[in-house]
$ cat run.pdb   # PDB, C-alpha atoms
ATOM      1  CA  MET A   1    -189.388   3.778   0.413  1.00  0.00           C
ATOM      2  CA  TYR A   2    -189.068   7.555   0.553  1.00  0.00           C
ATOM      3  CA  LYS A   3    -191.979   9.852   1.235  1.00  0.00           C
ATOM      4  CA  LEU A   4    -192.353  13.547   0.404  1.00  0.00           C
ATOM      5  CA  GLU A   5    -193.813  15.592   3.241  1.00  0.00           C
ATOM      6  CA  LYS A   6    -195.565  18.502   1.537  1.00  0.00           C
ATOM      7  CA  ASN A   7    -196.190  20.531   4.719  1.00  0.00           C
ATOM      8  CA  VAL A   8    -192.546  21.245   5.572  1.00  0.00           C
ATOM      9  CA  PHE A   9    -191.614  23.605   2.720  1.00  0.00           C
ATOM     10  CA  LYS A  10    -191.465  27.367   3.192  1.00  0.00           C
ATOM     11  CA  ALA A  11    -189.827  30.392   1.593  1.00  0.00           C
ATOM     12  CA  GLN A  12    -186.369  30.953   3.059  1.00  0.00           C
ATOM     13  CA  THR A  13    -182.955  32.412   2.311  1.00  0.00           C
ATOM     14  CA  PHE A  14    -180.016  30.353   1.041  1.00  0.00           C
ATOM     15  CA  ILE A  15    -178.374  30.516   4.472  1.00  0.00           C
ATOM     16  CA  GLU A  16    -181.509  29.208   6.212  1.00  0.00           C
ATOM     17  CA  ALA A  17    -181.853  26.464   3.607  1.00  0.00           C
ATOM     18  CA  GLU A  18    -178.223  25.406   4.114  1.00  0.00           C
ATOM     19  CA  ARG A  19    -178.797  25.125   7.872  1.00  0.00           C
ATOM     20  CA  GLN A  20    -181.735  22.794   7.228  1.00  0.00           C
ATOM     21  CA  ASN A  21    -179.953  20.603   4.677  1.00  0.00           C
ATOM     22  CA  ILE A  22    -181.747  17.247   4.704  1.00  0.00           C
ATOM     23  CA  PHE A  23    -178.655  15.307   3.628  1.00  0.00           C
ATOM     24  CA  PRO A  24    -175.953  14.951   6.268  1.00  0.00           C
ATOM     25  CA  LEU A  25    -172.380  14.636   5.016  1.00  0.00           C
ATOM     26  CA  SER A  26    -172.505  10.888   5.687  1.00  0.00           C
ATOM     27  CA  VAL A  27    -175.061  10.334   2.873  1.00  0.00           C
ATOM     28  CA  SER A  28    -173.303   9.376  -0.368  1.00  0.00           C
ATOM     29  CA  LEU A  29    -173.885  11.126  -3.667  1.00  0.00           C
ATOM     30  CA  ALA A  30    -175.351   7.922  -5.137  1.00  0.00           C
ATOM     31  CA  GLU A  31    -177.944   7.732  -2.359  1.00  0.00           C
ATOM     32  CA  ARG A  32    -178.879  11.396  -2.841  1.00  0.00           C
ATOM     33  CA  LEU A  33    -179.344  10.798  -6.578  1.00  0.00           C
ATOM     34  CA  ASN A  34    -181.490   7.724  -5.865  1.00  0.00           C
ATOM     35  CA  GLN A  35    -183.696   9.731  -3.529  1.00  0.00           C
ATOM     36  CA  GLY A  36    -183.945  12.567  -6.059  1.00  0.00           C
ATOM     37  CA  TRP A  37    -184.948  10.144  -8.835  1.00  0.00           C
ATOM     38  CA  TYR A  38    -187.564   8.563  -6.582  1.00  0.00           C
ATOM     39  CA  LEU A  39    -189.113  11.932  -5.670  1.00  0.00           C
ATOM     40  CA  SER A  40    -189.073  13.083  -9.316  1.00  0.00           C
ATOM     41  CA  ALA A  41    -190.740   9.854 -10.431  1.00  0.00           C
ATOM     42  CA  MET A  42    -193.446  10.237  -7.783  1.00  0.00           C
ATOM     43  CA  ALA A  43    -194.042  13.866  -8.780  1.00  0.00           C
ATOM     44  CA  PHE A  44    -194.566  12.900 -12.438  1.00  0.00           C
ATOM     45  CA  GLY A  45    -196.546   9.733 -11.681  1.00  0.00           C
ATOM     46  CA  LEU A  46    -193.912   7.300 -12.952  1.00  0.00           C
ATOM     47  CA  ASP A  47    -192.911   3.941 -11.544  1.00  0.00           C
ATOM     48  CA  ALA A  48    -189.469   4.644 -10.063  1.00  0.00           C
ATOM     49  CA  TYR A  49    -188.373   1.010 -10.327  1.00  0.00           C
ATOM     50  CA  ASN A  50    -189.704   0.398 -13.860  1.00  0.00           C
ATOM     51  CA  PRO A  51    -189.349   3.636 -15.869  1.00  0.00           C
ATOM     52  CA  PRO A  52    -191.061   3.948 -19.260  1.00  0.00           C
ATOM     53  CA  ARG A  53    -189.090   3.049 -22.360  1.00  0.00           C
ATOM     54  CA  MET A  54    -187.846   5.782 -24.668  1.00  0.00           C
ATOM     55  CA  ILE A  55    -189.942   6.271 -27.809  1.00  0.00           C
ATOM     56  CA  LYS A  56    -187.286   5.700 -30.460  1.00  0.00           C
ATOM     57  CA  LYS A  57    -189.327   6.886 -33.416  1.00  0.00           C
ATOM     58  CA  PHE A  58    -188.460  10.496 -32.440  1.00  0.00           C
ATOM     59  CA  VAL A  59    -184.719   9.789 -32.240  1.00  0.00           C
ATOM     60  CA  SER A  60    -182.537   9.235 -35.274  1.00  0.00           C
ATOM     61  CA  SER A  61    -178.905   8.446 -35.658  1.00  0.00           C
ATOM     62  CA  GLY A  62    -176.687   8.665 -38.654  1.00  0.00           C
ATOM     63  CA  LYS A  63    -173.620  10.190 -40.137  1.00  0.00           C
ATOM     64  CA  HIS A  64    -173.543  13.997 -40.222  1.00  0.00           C
ATOM     65  CA  ASP A  65    -172.332  15.701 -43.394  1.00  0.00           C
ATOM     66  CA  LYS A  66    -169.812  18.461 -42.860  1.00  0.00           C
TER      67      LYS A  66
END
$ encode --input "run.pdb" --output "structure tokens"
Amino acid sequence: MYKLEKNVFKAQTFIEAERQNIFPLSVSLAERLNQGWYLSAMAFGLDAYNPPRMIKKFVSSGKHDK
């Protein structure tokens, strides 16, 4: 399980941020996306492994008239 350390962030330039990149080149894109989803889910209080279902009453589909 991933954990967000809130004490390590600071204002920095793009060059400084690139030097401190937390993902080495050996980490795959899929793994980086998984870690990003996990951190986003924790930030919004969601269950990362059982996301909420989409409320379909706000979504409609049908043929568009041109």
$ atom_distance --input "run.pdb" --atom1 "atom CA of Tyr49 of chain A" --atom2 "atom CA of Gly36 of chain A"
13.1 Å
$ atom_distance --input "run.pdb" --atom1 "atom CA of Gly62 of chain A" --atom2 "atom CA of Asn50 of chain A"
29.2 Å
$ atom_distance --input "run.pdb" --atom1 "atom CA of Met54 of chain A" --atom2 "atom CA of Glu31 of chain A"
24.5 Å
$ axis_aligned_box --input "run.pdb" --around "segment 53-66 of chain A" --padding-each-side "8 Å" --output "lines of an AutoDock Vina configuration file"
center_x = -179.9
center_y = 10.8
center_z = -32.9
size_x = 36.1
size_y = 31.4
size_z = 37.0
